Structures are given as structure tokens and as C-alpha cells.
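Next up, final-v8.cif (mmCIF, C-alpha atoms):
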data_my_file
loop_
_atom_site.label_atom_id
_atom_site.label_comp_id
_atom_site.auth_asym_id
_atom_site.auth_seq_id
_atom_site.Cartn_x
_atom_site.Cartn_y
_atom_site.Cartn_z
CA MET A 1 0.72 0.22 3.93
CA GLY A 2 0.79 -2.09 6.93
CA GLN A 3 3.33 -4.67 7.87
CA TYR A 4 3.50 -8.12 6.25
CA ARG A 5 5.84 -10.74 7.67
CA HIS A 6 6.69 -14.15 6.25
CA MET A 7 9.07 -16.77 7.67
CA SER A 8 12.02 -17.00 5.34
CA GLY A 9 13.39 -19.71 3.12
CA PRO A 10 16.73 -19.72 1.27
CA THR A 11 17.96 -16.51 -0.28
CA GLU A 12 19.35 -18.18 -3.44
CA LEU A 13 17.61 -17.93 -6.80
CA PRO A 14 18.09 -21.55 -7.93
CA SER A 15 15.30 -22.02 -10.45
CA LEU A 16 15.66 -20.97 -14.08
CA PRO A 17 13.02 -18.70 -15.68
CA ASP A 18 10.65 -20.00 -18.33
CA ALA A 19 11.77 -19.68 -21.96
CA ARG A 20 8.79 -17.45 -22.79
CA PHE A 21 10.48 -14.65 -20.84
CA ALA A 22 14.09 -15.62 -21.49
CA GLY A 23 16.26 -12.54 -21.20
CA LEU A 24 13.73 -10.38 -19.37
CA LEU A 25 15.32 -10.62 -15.94
CA ALA A 26 18.76 -10.01 -17.48
CA GLU A 27 17.42 -6.85 -19.11
CA ALA A 28 16.08 -5.69 -15.77
CA GLN A 29 19.44 -6.42 -14.15
CA ALA A 30 21.17 -4.38 -16.86
CA LEU A 31 19.08 -1.39 -15.73
CA GLN A 32 20.07 -1.82 -12.07
CA ALA A 33 22.45 1.15 -11.92
CA THR A 34 19.72 3.43 -13.30
CA THR A 35 17.14 1.97 -10.91
CA VAL A 36 19.37 2.42 -7.87
CA GLU A 37 20.40 5.97 -8.84
CA LEU A 38 16.77 7.09 -9.13
CA ARG A 39 15.77 5.33 -5.93
CA ARG A 40 18.55 6.98 -3.94
CA GLU A 41 17.82 10.44 -5.33
CA ILE A 42 14.17 10.15 -4.28
CA HIS A 43 15.13 8.62 -0.94
CA ARG A 44 17.37 11.61 -0.12
CA HIS A 45 14.56 14.07 -0.78
CA PRO A 46 11.28 12.56 0.46
CA GLU A 47 8.00 14.47 0.28
CA ARG A 48 4.66 13.80 1.94
CA GLY A 49 1.03 13.80 0.92
CA LEU A 50 -0.43 14.91 -2.38
CA ASP A 51 2.04 17.73 -3.10
CA LEU A 52 5.36 16.22 -4.19
CA PRO A 53 6.79 18.68 -6.73
CA ARG A 54 10.43 17.64 -6.43
CA THR A 55 9.59 13.94 -6.72
CA GLN A 56 7.36 14.58 -9.72
CA ALA A 57 10.10 16.59 -11.45
CA THR A 58 12.67 13.88 -10.72
CA ILE A 59 10.46 11.22 -12.30
CA GLN A 60 9.76 13.44 -15.29
CA ARG A 61 13.50 13.87 -15.91
CA ALA A 62 14.05 10.11 -15.57
CA LEU A 63 11.45 9.42 -18.28
CA ALA A 64 12.29 12.33 -20.58
CA ASP A 65 14.17 10.33 -23.22
CA LEU A 66 11.49 7.63 -23.55
CA PRO A 67 8.65 7.60 -26.12
CA LEU A 68 5.97 8.25 -23.53
CA GLU A 69 2.91 10.50 -23.43
CA ILE A 70 3.22 12.24 -20.06
CA ALA A 71 0.42 14.03 -18.23
CA LEU A 72 0.80 15.82 -14.90
CA GLY A 73 -1.95 15.86 -12.29
CA LYS A 74 -4.21 18.86 -11.85
CA SER A 75 -5.27 18.53 -8.22
CA THR A 76 -2.11 16.68 -7.12
CA THR A 77 1.48 16.21 -8.30
CA SER A 78 0.69 12.85 -9.88
CA LEU A 79 2.32 11.76 -13.13
CA THR A 80 0.79 9.48 -15.75
CA ALA A 81 2.83 8.11 -18.64
CA VAL A 82 1.45 6.12 -21.58
CA LEU A 83 3.52 3.84 -23.80
CA ARG A 84 1.90 3.02 -27.14
CA GLY A 85 2.61 -0.35 -28.71
CA ALA A 86 3.23 -0.88 -32.39
CA GLN A 87 -0.27 -2.28 -32.82
CA PRO A 88 -3.61 -1.20 -31.33
CA GLY A 89 -5.01 -3.15 -28.45
CA PRO A 90 -6.11 -3.00 -24.82
CA ALA A 91 -4.54 -0.94 -22.04
CA VAL A 92 -2.77 -2.28 -18.96
CA LEU A 93 -1.94 -0.19 -15.88
CA LEU A 94 1.18 -0.49 -13.71
CA ARG A 95 1.27 1.54 -10.50
CA GLY A 96 3.96 2.89 -8.18
CA ASP A 97 3.24 5.21 -5.26
CA MET A 98 5.74 7.93 -4.37
CA ASP A 99 5.02 9.65 -1.03
CA ALA A 100 6.92 9.36 2.26
CA LEU A 101 6.11 9.31 5.99
CA PRO A 102 6.53 11.80 8.87
CA LEU A 103 9.49 10.04 10.46
CA ARG A 104 13.10 10.91 11.29
CA GLU A 105 15.41 8.44 9.52
CA ASP A 106 17.87 6.41 11.61
CA THR A 107 19.30 4.01 9.02
CA GLY A 108 22.80 5.44 8.66
CA LEU A 109 22.58 5.07 4.89
CA GLU A 110 24.88 7.30 2.84
CA PHE A 111 21.79 8.41 0.92
CA ALA A 112 19.58 8.89 3.99
CA SER A 113 16.91 11.57 3.99
CA VAL A 114 18.14 15.14 4.23
CA GLU A 115 14.60 16.41 4.87
CA ASP A 116 14.02 16.81 8.60
CA GLY A 117 11.31 14.55 9.94
CA VAL A 118 10.42 12.97 6.59
CA MET A 119 11.51 9.50 5.45
CA HIS A 120 10.75 6.91 2.80
CA ALA A 121 10.05 4.35 5.51
CA CYS A 122 7.56 2.35 3.44
CA GLY A 123 9.65 1.88 0.32
CA HIS A 124 7.69 4.06 -2.07
CA ASP A 125 11.00 5.37 -3.41
CA THR A 126 11.77 1.83 -4.55
CA HIS A 127 8.37 1.52 -6.26
CA VAL A 128 8.99 4.67 -8.28
CA ALA A 129 12.46 3.55 -9.35
CA MET A 130 11.33 0.05 -10.36
CA LEU A 131 8.35 1.38 -12.30
CA ALA A 132 10.50 3.91 -14.15
CA SER A 133 12.95 1.17 -15.13
CA ALA A 134 10.04 -1.03 -16.21
CA ALA A 135 8.93 1.82 -18.48
CA ARG A 136 12.42 1.92 -19.97
CA LEU A 137 12.48 -1.84 -20.45
CA LEU A 138 9.04 -1.94 -22.05
CA ALA A 139 9.85 1.00 -24.32
CA ALA A 140 12.62 -1.15 -25.79
CA HIS A 141 9.95 -3.73 -26.63
CA ALA A 142 7.25 -1.35 -27.87
CA ASP A 143 7.30 -2.98 -31.29
CA GLU A 144 6.13 -6.22 -29.65
CA LEU A 145 3.15 -4.65 -27.90
CA ALA A 146 -0.40 -4.69 -29.22
CA GLY A 147 -1.92 -2.09 -26.93
CA SER A 148 -0.82 0.51 -24.39
CA VAL A 149 0.82 0.53 -20.98
CA VAL A 150 -0.29 3.19 -18.47
CA PHE A 151 2.34 3.98 -15.82
CA MET A 152 0.64 5.42 -12.73
CA PHE A 153 3.04 7.41 -10.51
CA GLN A 154 0.83 8.18 -7.56
CA PRO A 155 1.21 10.61 -4.63
CA GLY A 156 -0.69 10.46 -1.37
CA GLU A 157 -0.94 6.73 -0.61
CA GLU A 158 -0.18 7.22 3.08
CA GLY A 159 -3.68 8.24 4.10
CA PHE A 160 -4.36 10.88 1.44
CA HIS A 161 -6.42 8.81 -1.05
CA GLY A 162 -4.06 9.63 -3.91
CA ALA A 163 -5.31 6.79 -6.11
CA ARG A 164 -8.85 8.12 -5.85
CA HIS A 165 -7.68 11.56 -6.99
CA MET A 166 -5.93 10.04 -10.01
CA ILE A 167 -8.99 7.97 -10.91
CA HIS A 168 -11.15 11.10 -10.79
CA GLU A 169 -8.69 12.80 -13.16
CA GLY A 170 -8.90 9.94 -15.63
CA VAL A 171 -5.86 7.69 -15.10
CA LEU A 172 -7.91 4.60 -15.98
CA ASP A 173 -8.75 6.15 -19.36
CA ALA A 174 -5.36 7.76 -20.02
CA ALA A 175 -4.69 5.55 -23.05
CA GLY A 176 -7.93 6.62 -24.71
CA GLU A 177 -9.80 3.52 -23.62
CA ARG A 178 -10.54 1.88 -20.31
CA VAL A 179 -7.67 0.01 -18.65
CA GLN A 180 -8.47 -3.70 -18.70
CA ARG A 181 -5.91 -4.99 -16.17
CA ALA A 182 -3.90 -3.45 -13.36
CA PHE A 183 -0.89 -4.51 -11.32
CA GLY A 184 0.86 -2.99 -8.32
CA LEU A 185 3.91 -4.02 -6.27
CA HIS A 186 4.89 -3.18 -2.71
CA VAL A 187 8.22 -3.99 -1.10
CA SER A 188 8.44 -5.70 2.29
CA ALA A 189 11.59 -5.93 4.40
CA ASN A 190 10.04 -8.95 6.12
CA ILE A 191 10.13 -11.19 3.05
CA VAL A 192 13.24 -12.84 1.59
CA ALA A 193 14.82 -10.51 -0.96
CA GLY A 194 13.54 -11.12 -4.46
CA GLN A 195 10.54 -13.25 -3.57
CA VAL A 196 7.04 -12.31 -4.80
CA HIS A 197 4.01 -13.09 -2.62
CA THR A 198 0.33 -12.60 -3.40
CA ARG A 199 -3.06 -14.29 -3.07
CA PRO A 200 -6.51 -14.29 -4.68
CA GLY A 201 -9.37 -12.39 -3.07
CA PRO A 202 -8.87 -10.13 -0.04
CA MET A 203 -5.22 -9.13 0.10
CA MET A 204 -5.32 -6.22 2.55
CA ALA A 205 -7.95 -4.75 4.84
CA SER A 206 -10.17 -1.70 4.89
CA THR A 207 -8.83 1.04 7.17
CA ASP A 208 -11.50 3.08 8.95
CA ASN A 209 -10.83 5.21 12.04
CA PHE A 210 -13.08 6.45 14.82
CA LEU A 211 -13.13 9.19 17.47
CA VAL A 212 -15.56 9.02 20.39
CA ARG A 213 -16.16 11.98 22.70
CA VAL A 214 -17.79 11.08 26.01
CA ILE A 215 -19.34 14.18 27.59
CA GLY A 216 -20.25 14.28 31.27
CA LYS A 217 -20.10 16.92 34.00
CA GLY A 218 -16.87 17.94 35.63
CA GLY A 219 -16.35 18.13 39.37
CA HIS A 220 -14.10 17.42 42.34
CA GLY A 221 -12.44 14.03 42.54
CA SER A 222 -13.59 13.67 46.17
CA ALA A 223 -17.26 14.05 45.23
CA PRO A 224 -17.97 11.99 42.09
CA HIS A 225 -21.68 11.82 42.99
CA GLN A 226 -21.89 15.54 42.24
CA ALA A 227 -20.35 15.06 38.79
CA ILE A 228 -21.03 12.85 35.80
CA ASP A 229 -17.72 11.10 35.26
CA PRO A 230 -16.93 10.33 31.58
CA VAL A 231 -13.79 8.32 32.40
CA PRO A 232 -15.45 5.08 33.58
CA ALA A 233 -17.89 5.37 30.69
CA ALA A 234 -15.00 5.60 28.23
CA ALA A 235 -13.24 2.69 29.94
CA ALA A 236 -16.40 0.58 29.69
CA MET A 237 -16.62 1.34 25.98
CA VAL A 238 -13.23 -0.25 25.36
CA GLY A 239 -14.44 -3.63 26.60
CA ALA A 240 -17.87 -3.25 25.02
CA LEU A 241 -16.36 -2.62 21.60
CA GLN A 242 -14.20 -5.74 21.84
CA THR A 243 -17.26 -7.77 22.83
CA MET A 244 -19.13 -6.29 19.87
CA ILE A 245 -16.43 -7.60 17.52
CA THR A 246 -16.46 -11.12 18.95
CA ARG A 247 -20.26 -11.37 19.23
CA ARG A 248 -21.53 -9.46 16.22
CA VAL A 249 -18.90 -10.19 13.53
CA SER A 250 -18.48 -13.68 12.07
CA VAL A 251 -15.12 -15.31 12.74
CA PHE A 252 -15.21 -16.40 9.09
CA ASP A 253 -15.39 -12.78 7.92
CA PRO A 254 -13.21 -11.17 10.55
CA ALA A 255 -12.71 -7.66 11.84
CA VAL A 256 -10.05 -6.15 14.08
CA LEU A 257 -10.76 -3.14 16.29
CA SER A 258 -8.13 -1.35 18.37
CA VAL A 259 -8.60 1.56 20.74
CA THR A 260 -5.24 3.28 20.37
CA ARG A 261 -5.79 6.42 22.45
CA ILE A 262 -7.87 7.12 25.54
CA GLU A 263 -7.58 10.53 27.11
CA GLY A 264 -9.37 12.55 29.78
CA GLY A 265 -8.60 14.88 32.63
CA THR A 266 -5.79 17.15 33.65
CA THR A 267 -4.80 16.19 37.21
CA SER A 268 -5.53 13.81 40.08
CA ASN A 269 -8.33 15.64 41.90
CA ILE A 270 -10.49 16.83 39.01
CA ILE A 271 -13.20 14.81 37.30
CA PRO A 272 -13.10 15.98 33.68
CA GLU A 273 -16.07 16.98 31.62
CA VAL A 274 -14.88 15.10 28.53
CA ALA A 275 -12.99 11.90 27.79
CA GLU A 276 -12.01 10.69 24.34
CA LEU A 277 -11.44 7.35 22.66
CA GLU A 278 -9.66 7.02 19.33
CA GLY A 279 -8.84 3.98 17.27
CA THR A 280 -9.13 2.00 14.08
CA PHE A 281 -11.02 -1.00 12.73
CA ARG A 282 -10.06 -3.23 9.87
CA THR A 283 -12.14 -5.72 7.89
CA LEU A 284 -11.68 -8.03 4.91
CA SER A 285 -15.11 -7.51 3.34
CA GLU A 286 -17.45 -4.62 2.73
CA ARG A 287 -20.14 -6.59 4.57
CA SER A 288 -18.19 -6.71 7.84
CA ARG A 289 -17.03 -3.15 7.30
CA ALA A 290 -20.62 -1.92 7.05
CA LEU A 291 -21.62 -3.96 10.09
CA VAL A 292 -18.90 -2.45 12.30
CA ARG A 293 -19.62 1.05 11.05
CA ASP A 294 -23.27 0.56 12.01
CA GLU A 295 -22.73 -1.10 15.39
CA LEU A 296 -19.89 1.00 16.79
CA PRO A 297 -21.94 4.19 17.39
CA LYS A 298 -24.81 2.17 18.88
CA VAL A 299 -22.52 0.48 21.40
CA CYS A 300 -20.83 3.70 22.45
CA GLU A 301 -24.09 5.63 22.76
CA ALA A 302 -25.72 2.86 24.81
CA VAL A 303 -22.77 2.63 27.20
CA GLY A 304 -22.69 6.40 27.51
CA GLN A 305 -26.41 6.51 28.28
CA ALA A 306 -25.97 3.90 31.00
CA HIS A 307 -23.41 6.21 32.64
CA GLY A 308 -25.47 9.36 32.16
CA CYS A 309 -23.12 10.76 29.51
CA ARG A 310 -23.70 12.18 26.08
CA VAL A 311 -21.65 10.64 23.27
CA GLN A 312 -20.42 11.98 19.93
CA VAL A 313 -19.03 9.46 17.45
CA ASP A 314 -17.06 10.49 14.35
CA LEU A 315 -16.16 7.84 11.78
CA GLU A 316 -13.39 8.62 9.31
CA PRO A 317 -13.66 6.40 6.23
CA GLY A 318 -10.33 4.97 5.11
CA TYR A 319 -9.36 2.75 2.23
CA PRO A 320 -11.60 -0.07 0.98
CA VAL A 321 -10.60 -3.72 1.14
CA THR A 322 -7.80 -4.46 -1.33
CA ALA A 323 -9.19 -7.47 -3.18
CA ASN A 324 -7.26 -9.23 -5.93
CA ASP A 325 -9.11 -10.67 -8.89
CA PRO A 326 -8.53 -14.45 -8.58
CA VAL A 327 -7.55 -14.82 -12.24
CA GLU A 328 -5.11 -11.92 -12.08
CA ALA A 329 -3.58 -13.10 -8.79
CA GLU A 330 -2.93 -16.49 -10.34
CA ARG A 331 -1.50 -14.74 -13.39
CA VAL A 332 1.02 -12.91 -11.18
CA LEU A 333 2.04 -16.15 -9.46
CA THR A 334 2.46 -17.90 -12.82
CA LEU A 335 4.47 -15.01 -14.27
CA GLY A 336 6.63 -14.96 -11.16
CA ARG A 337 7.48 -18.62 -11.58
CA GLU A 338 8.28 -18.11 -15.26
CA VAL A 339 10.38 -14.98 -14.82
CA LEU A 340 11.99 -15.44 -11.39
CA GLY A 341 11.85 -19.18 -10.83
CA GLU A 342 9.67 -21.40 -8.67
CA ASP A 343 11.58 -20.73 -5.45
CA ASN A 344 10.97 -17.00 -5.66
CA VAL A 345 7.17 -17.14 -5.68
CA ALA A 346 4.82 -17.98 -2.82
CA PRO A 347 1.06 -17.74 -2.42
CA MET A 348 0.14 -15.89 0.78
CA THR A 349 -1.78 -18.13 3.16
CA ALA A 350 -3.73 -15.23 4.66
CA PRO A 351 -4.37 -11.54 4.00
CA MET A 352 -2.86 -8.81 6.15
CA MET A 353 -4.78 -6.17 8.06
CA GLY A 354 -2.84 -3.17 6.78
CA GLY A 355 -4.45 -1.07 4.07
CA GLU A 356 -3.67 0.23 0.56
CA ASP A 357 -5.35 2.74 -1.70
CA PHE A 358 -4.59 0.62 -4.78
CA SER A 359 -7.90 -0.84 -3.59
CA TYR A 360 -9.65 2.00 -5.45
CA VAL A 361 -8.14 0.76 -8.72
CA LEU A 362 -9.00 -2.87 -8.00
CA GLN A 363 -12.62 -1.88 -7.31
CA ARG A 364 -12.87 -0.75 -10.93
CA VAL A 365 -10.40 -2.93 -12.86
CA PRO A 366 -9.52 -6.63 -12.61
CA GLY A 367 -6.00 -6.77 -11.29
CA ALA A 368 -3.64 -7.84 -8.55
CA PHE A 369 -1.40 -6.43 -5.87
CA ALA A 370 1.73 -8.28 -4.72
CA PHE A 371 4.60 -8.00 -2.26
CA LEU A 372 8.27 -8.06 -3.27
CA GLY A 373 10.74 -9.16 -0.63
CA THR A 374 13.57 -6.76 0.22
CA CYS A 375 14.98 -8.23 3.45
CA PRO A 376 18.67 -7.35 3.85
CA PRO A 377 21.07 -10.31 3.40
CA GLY A 378 22.01 -12.10 6.59
CA THR A 379 18.90 -10.84 8.40
CA ASP A 380 16.03 -13.04 9.51
CA PRO A 381 12.91 -11.60 7.84
CA GLU A 382 11.05 -12.10 11.11
CA GLU A 383 13.56 -9.87 12.89
CA ALA A 384 14.15 -7.22 10.22
CA ALA A 385 12.94 -3.67 10.84
CA SER A 386 9.58 -3.49 9.11
CA ASN A 387 7.97 -0.95 6.82
CA HIS A 388 7.12 2.26 8.69
CA SER A 389 10.15 1.81 10.96
CA ASN A 390 12.72 4.60 11.17
CA ARG A 391 15.37 1.88 10.71
CA VAL A 392 13.91 -0.07 7.79
CA LEU A 393 16.33 -1.14 5.06
CA HIS A 394 15.37 -2.42 1.61
CA GLU A 395 17.80 -4.68 -0.27
CA GLU A 396 18.52 -3.10 -3.64
CA SER A 397 19.55 -6.38 -5.30
CA ALA A 398 15.84 -7.34 -5.29
CA PHE A 399 14.92 -4.44 -7.60
CA PRO A 400 15.49 -6.26 -10.92
CA ASN A 401 12.91 -8.84 -9.84
CA GLY A 402 10.38 -6.06 -9.35
CA VAL A 403 11.24 -4.40 -12.66
CA ALA A 404 10.92 -7.73 -14.44
CA MET A 405 7.56 -8.47 -12.83
CA TYR A 406 6.11 -5.12 -13.87
CA ALA A 407 7.34 -5.68 -17.42
CA ALA A 408 6.22 -9.31 -17.59
CA TYR A 409 2.70 -8.40 -16.54
CA ALA A 410 2.38 -5.91 -19.40
CA LEU A 411 4.08 -8.17 -21.94
CA ASP A 412 1.88 -11.10 -21.01
CA ALA A 413 -1.22 -9.01 -21.68
CA LEU A 414 -0.08 -7.11 -24.76
CA ARG A 415 2.69 -8.92 -26.59
CA ALA A 416 1.75 -10.03 -30.08
CA PRO A 417 2.85 -12.19 -31.70
CA ARG A 418 4.05 -14.30 -28.80
CA ARG A 419 7.74 -14.92 -29.18
CA SER A 420 10.88 -15.03 -27.09
CA LEU A 421 12.23 -11.69 -25.93
CA ALA A 422 15.70 -12.96 -26.86
CA GLY A 423 14.62 -13.44 -30.45
#
Structure rendered as C-alpha cells:
Amino acid sequence: MGQYRHMSGPTELPSLPDARFAGLLAEAQALQATTVELRREIHRHPERGLDLPRTQATIQRALADLPLEIALGKSTTSLTAVLRGAQPGPAVLLRGDMDALPLREDTGLEFASVEDGVMHACGHDTHVAMLASAARLLAAHADELAGSVVFMFQPGEEGFHGARHMIHEGVLDAAGERVQRAFGLHVSANIVAGQVHTRPGPMMASTDNFLVRVIGKGGHGSAPHQAIDPVPAAAAMVGALQTMITRRVSVFDPAVLSVTRIEGGTTSNIIPEVAELEGTFRTLSERSRALVRDELPKVCEAVGQAHGCRVQVDLEPGYPVTANDPVEAERVLTLGREVLGEDNVAPMTAPMMGGEDFSYVLQRVPGAFAFLGTCPPGTDPEEAASNHSNRVLHEESAFPNGVAMYAAYALDALRAPRRSLAG
């Protein structure tokens, strides 16, 4: 998940929730000790990738006393839990990812990671804890549900395509019928604590990477005419690729391309045989994504040919565009206003260019993805250490808002008859 920043407003929660969900936020707040305890346990023992046995076991223990049908992943350590309502009806999916990053933690927290070089720097520990508490809250209201809730505890979001693995193993059909709606939350330390932000349409970008090998002929630095130097060819490609973006991709359907590594040679008087370029490109539509994927090799090969070099281009497909269904995005904003109050909900004015593999779910099911603010009190969200920082901090007092939003989304879809939670 990439970084999303938003200039802050007040940190108070002045607006009152709508009567339709009266009591829901209070119920989420009553679960705060349980939410925090689970979050801190997972934070202390982060795991990476698709193999998270300790995290999976911790979640399983946290859910053990609930009336859930639990299935463990076959190819990964995923966990799927299904809550059946008192009446039959459609299925709704709620997702929380659970993997960490290869980073040494420098937060000074009393529950900081004890695993060397691994840290929950993107807040996935908070997603797991909020989703588990949402399961507990919804289980208490199972008699009000006409349908099923699928809780998707997903490994491998950080570049490992974990959502795709779970889809292949049937998470969208875990309730016995196809999920009809889906909702996911992601914390951001650069949003005021407790606020929920989302938007219709493209929410986050696709995330493809590239590696270009420029192959020439090595030689002595004093006699470049006797060699075929790949370094100037590689340097020329950097500019050519930027020109490609500005001249081939519409500004109304944008793309971003960054060359993040350029490497060649071993010392000052040797012309190397090979130079390499590596980088990433991000788009907000599959049309622009396909265009860049098609044009990038052509540009690099043509520049290489002009310099007398051979070129090898490898494209590594990343996550698709994360696109919210407009109806579901508006549903999340409406629910946020009802549950949290008007001042704790804001439509995003623009998407962000980070990526998310919840995109695989949203390709198949109408749904929405949203950010939950977790900026520490007294910190300007613009200045706070962001997700993927070794110093990022997530404000725990925001967790009940996330728990309540997960629960409200399911209750809005499945509750029958409609009546106050307090009654």
C-alpha cells in the first residue's frame, strides 16, 4: 500500500451518529481493549509474505469462541471465517490483510517488533484486530442478519498477490453463494485519527515494474570507439521514457513512470558490457496500463538500437487498478456519516498512485475500499511518519471507528427487519 496524505481538520468528533446505527459505535468502543490486545500481539510478532503461521494461529484463537465457520488456506496461511445470519440471504465480504514489511522498527513502542528486520509498518496488524472485533460485534447481532458475512483474513498483500490466491481457493464463494458486496479498510497515519476517506471509481493505481538490460561491448575507458558503451544508451532511455509518458499517455488518464535504479560498471576506467535500468509505472485505468506496457519495450529497444546495443526488457505485472464501485463508495460515505458523524467523513478529491491487491476482489465484486485516519494526536498529518516508514505510529483510539464501519457495512446490507441496534 502506498502513501496517502490529507491536510487535517479538527480532531474532535462533534457530530452525532444517525439513529439507524445508534449504539453501534459504543459497542465497538466497548471492544477496544480486545482490539488493542490483539493488535499489539500481532505487532510484536510480524511475519512476511504468504506464510504467516503464527499470525494465522493468533487470529484463530481470537475467533475461537464465536459462532463462525473457519477455513484455513491450502496454498497460503489465509483464514476465512463465515458468520451465518438467522435468516437466509446474500453474502457480504469484509477484508483485512495481515502481512508485514522487511523493515527494522524504530518506534520505541513497548510492543515493538521482536522479529529482527520485520515490522508492521503499513498497519496490517490494525486491520486484523479491527476485523476480528467486527466479527465479534456482528456475531452479537447474528439474529438480525438475513444472509452471511465472510471475513477475509489475507496474507501476502505486500507484493505477493495474496488476494488472488484466496480468490482461487474460493473466498468469494465461502458462504455457499457468490459474495455480492465487498468492503476493505486501510489505515493511514497521514489522515486525522478516526476520519474515513474514499471516492468512487479509481481509488489506487496499478503497480507494474520493469527491468531493462542494455547490452553493449566492454572496453577501456580511454578508447570508447573500440567498445559499445551501454551507459549513455541507458541514460538516454531515462529521458525517452519520460517523454513517452508525456507524449503518448493522455493527461486525462494519467500514468507515472519512475526509473528507480540505474547501474553499470565497476570502476572509472572500464566501459561495462551491461547497464541496467529498473523502475515502476502506475496508471489509473487498464487502458493506460496496456498502453505503457506496449510502448515501454519499443522505446527502450529503439534507443538501444540507435546506440548499437541490444536490449532485454522484462515486465513484472503488479496489482490492477483498485476501482471502487460508485454506488458502494457512496454507501461507505453515507454509512460513515451515519455512524461516525459528518465531520469524520471526507470524499477523496483524487486517487493515489500506490497499489492494493484488494483490486482483485473489486474486479469481481461490487465494493469499496476506504482509508481510516490514524494520525497520532498533536501531530500534523502532513508531517507524520507515513505508512512504510520505520517510525510510523497508528493512533489506537481510531480503532472503534474502523470496527464500527466494518460492522455497519454488513448490517446495512443484511439486517432485516431494519430496526435500531439499541432496540
Output check: residues returned by the PyMOL selection byres ((chain A and resi 96-106) around 7), as a ChimeraX atom specification: /A:46-49,95,107-108,112-113,116-121,124-125,127-128,131,152-157,184,390-391
Hits from the PyMOL selection byres ((chain A and resi 83-86) around 9), listed as a VMD selection string: chain A and resid 66 to 69 81 to 82 87 to 89 135 138 to 139 141 to 151 175 414 to 415
Considering all atoms listed in the file, give me a table of residues in region 75-171 of chain A that are at most 8 Å from region 346-369 of chain A, with the closest atom pair and distance in Å for each, as a Markdown table.
| residue | atom | partner | partner_atom | distance |
| --- | --- | --- | --- | --- |
| A:Glu157 | CA | A:Asp357 | CA | 6.0 |
| A:His161 | CA | A:Asp357 | CA | 6.2 |
| A:Gly162 | CA | A:Asp357 | CA | 7.3 |
| A:Ala163 | CA | A:Asp357 | CA | 6.0 |
| A:Arg164 | CA | A:Tyr360 | CA | 6.2 |
| A:Ile167 | CA | A:Val361 | CA | 7.6 |
Would you mind exporting C-alpha atoms of the selected residues as a PDB file, keeping the file's coordinate frame?
ATOM      1  CA  GLU A 157      -0.940   6.730  -0.610  1.00  0.00           C
ATOM      2  CA  HIS A 161      -6.420   8.810  -1.050  1.00  0.00           C
ATOM      3  CA  GLY A 162      -4.060   9.630  -3.910  1.00  0.00           C
ATOM      4  CA  ALA A 163      -5.310   6.790  -6.110  1.00  0.00           C
ATOM      5  CA  ARG A 164      -8.850   8.120  -5.850  1.00  0.00           C
ATOM      6  CA  ILE A 167      -8.990   7.970 -10.910  1.00  0.00           C
TER       7      ILE A 167
END
Separation of CA of His43 (chain A) and CA of Val187 (chain A), in Å? 14.4 Å
Could you state the separation of CA of Thr58 (chain A) and CA of Leu25 (chain A) in Å, given to one decimal place? 25.2 Å
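Here the question is which of A:Lys74, A:Arg289, A:Lys298, A:Arg39 gets nearest to Asp51 (chain A) using only C-alpha atoms, and that residue is A:Lys74.
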Report as an MDAnalysis selection string the full result of the PyMOL selection byres ((chain A and resi 276) around 9) when it is applied to this structure. chainID A and resid 211:215 230:231 234 261:264 274:275 277:278
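Nearest to Asn269 (chain A) of all the residues A:Ile228, A:Ala223, A:Leu137, A:Cys300 is A:Ala223, based on all atoms listed in the file.
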Rounded to one decimal in Å, what is the spacing between CA of Thr34 (chain A) and CA of Leu63 (chain A)? 11.4 Å
For Gly221 (chain A), which residue out of A:Ile270, A:Ala413, A:Val403, A:Ala240 is the nearest one, using only C-alpha atoms? A:Ile270
For Asp412 (chain A), list every protein, DNA or RNA residue within 10 Å, evaluated using only C-alpha atoms, and leave out those in the same chain fewer than 2 positions away; present the list as a list in words.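 Neighbouring residues, sequence-local ones excluded: Arg20, Phe21, Leu145, Arg331, Leu335, Ala407, Ala408, Tyr409, Ala410, Leu414, Arg415, Ala416 and Arg418 of chain A.
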What would the file look like if the residues just selected were written as a compact mmCIF listing (two decimals), in the frame of the given file with C-alpha atoms?
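Output (out-v3.txt):
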# COMPACT_ATOMS: atom_id res chain seq x y z
CA ARG A 20 8.79 -17.45 -22.79
CA PHE A 21 10.48 -14.65 -20.84
CA LEU A 145 3.15 -4.65 -27.90
CA ARG A 331 -1.50 -14.74 -13.39
CA LEU A 335 4.47 -15.01 -14.27
CA ALA A 407 7.34 -5.68 -17.42
CA ALA A 408 6.22 -9.31 -17.59
CA TYR A 409 2.70 -8.40 -16.54
CA ALA A 410 2.38 -5.91 -19.40
CA LEU A 414 -0.08 -7.11 -24.76
CA ARG A 415 2.69 -8.92 -26.59
CA ALA A 416 1.75 -10.03 -30.08
CA ARG A 418 4.05 -14.30 -28.80
Taking 4 positions as the minimum chain separation for residues in the same chain, which residues sit within 12 Å of Thr334 (chain A) when counting all atoms listed in the file? Answer as an mmCIF file with C-alpha atoms, in the frame of the given file.
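Okay, result-v8.cif is ready:
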data_model
loop_
_atom_site.group_PDB
_atom_site.id
_atom_site.type_symbol
_atom_site.label_atom_id
_atom_site.label_comp_id
_atom_site.auth_asym_id
_atom_site.auth_seq_id
_atom_site.Cartn_x
_atom_site.Cartn_y
_atom_site.Cartn_z
ATOM 1 C CA PRO A 17 13.020 -18.700 -15.680
ATOM 2 C CA ASP A 18 10.650 -20.000 -18.330
ATOM 3 C CA ARG A 20 8.790 -17.450 -22.790
ATOM 4 C CA PHE A 21 10.480 -14.650 -20.840
ATOM 5 C CA VAL A 196 7.040 -12.310 -4.800
ATOM 6 C CA HIS A 197 4.010 -13.090 -2.620
ATOM 7 C CA THR A 198 0.330 -12.600 -3.400
ATOM 8 C CA ARG A 199 -3.060 -14.290 -3.070
ATOM 9 C CA VAL A 327 -7.550 -14.820 -12.240
ATOM 10 C CA GLU A 328 -5.110 -11.920 -12.080
ATOM 11 C CA ALA A 329 -3.580 -13.100 -8.790
ATOM 12 C CA GLU A 330 -2.930 -16.490 -10.340
ATOM 13 C CA GLU A 338 8.280 -18.110 -15.260
ATOM 14 C CA VAL A 339 10.380 -14.980 -14.820
ATOM 15 C CA LEU A 340 11.990 -15.440 -11.390
ATOM 16 C CA GLY A 341 11.850 -19.180 -10.830
ATOM 17 C CA GLU A 342 9.670 -21.400 -8.670
ATOM 18 C CA ASN A 344 10.970 -17.000 -5.660
ATOM 19 C CA VAL A 345 7.170 -17.140 -5.680
ATOM 20 C CA ALA A 346 4.820 -17.980 -2.820
ATOM 21 C CA PRO A 347 1.060 -17.740 -2.420
ATOM 22 C CA MET A 405 7.560 -8.470 -12.830
ATOM 23 C CA ALA A 408 6.220 -9.310 -17.590
ATOM 24 C CA TYR A 409 2.700 -8.400 -16.540
ATOM 25 C CA ASP A 412 1.880 -11.100 -21.010
#
Distance criterion (only C-alpha atoms): nearest to Gly159 (chain A) out of A:Ser250, A:Gln226, A:Thr77, A:Thr207: A:Thr207
Smallest atom-to-atom distance to Glu273 (chain A): which of A:Val238, A:Gly216, A:Ala28, A:Ser397, using only C-alpha atoms?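 Looking at the shortest contact to Glu273 (chain A), the residue is A:Gly216.
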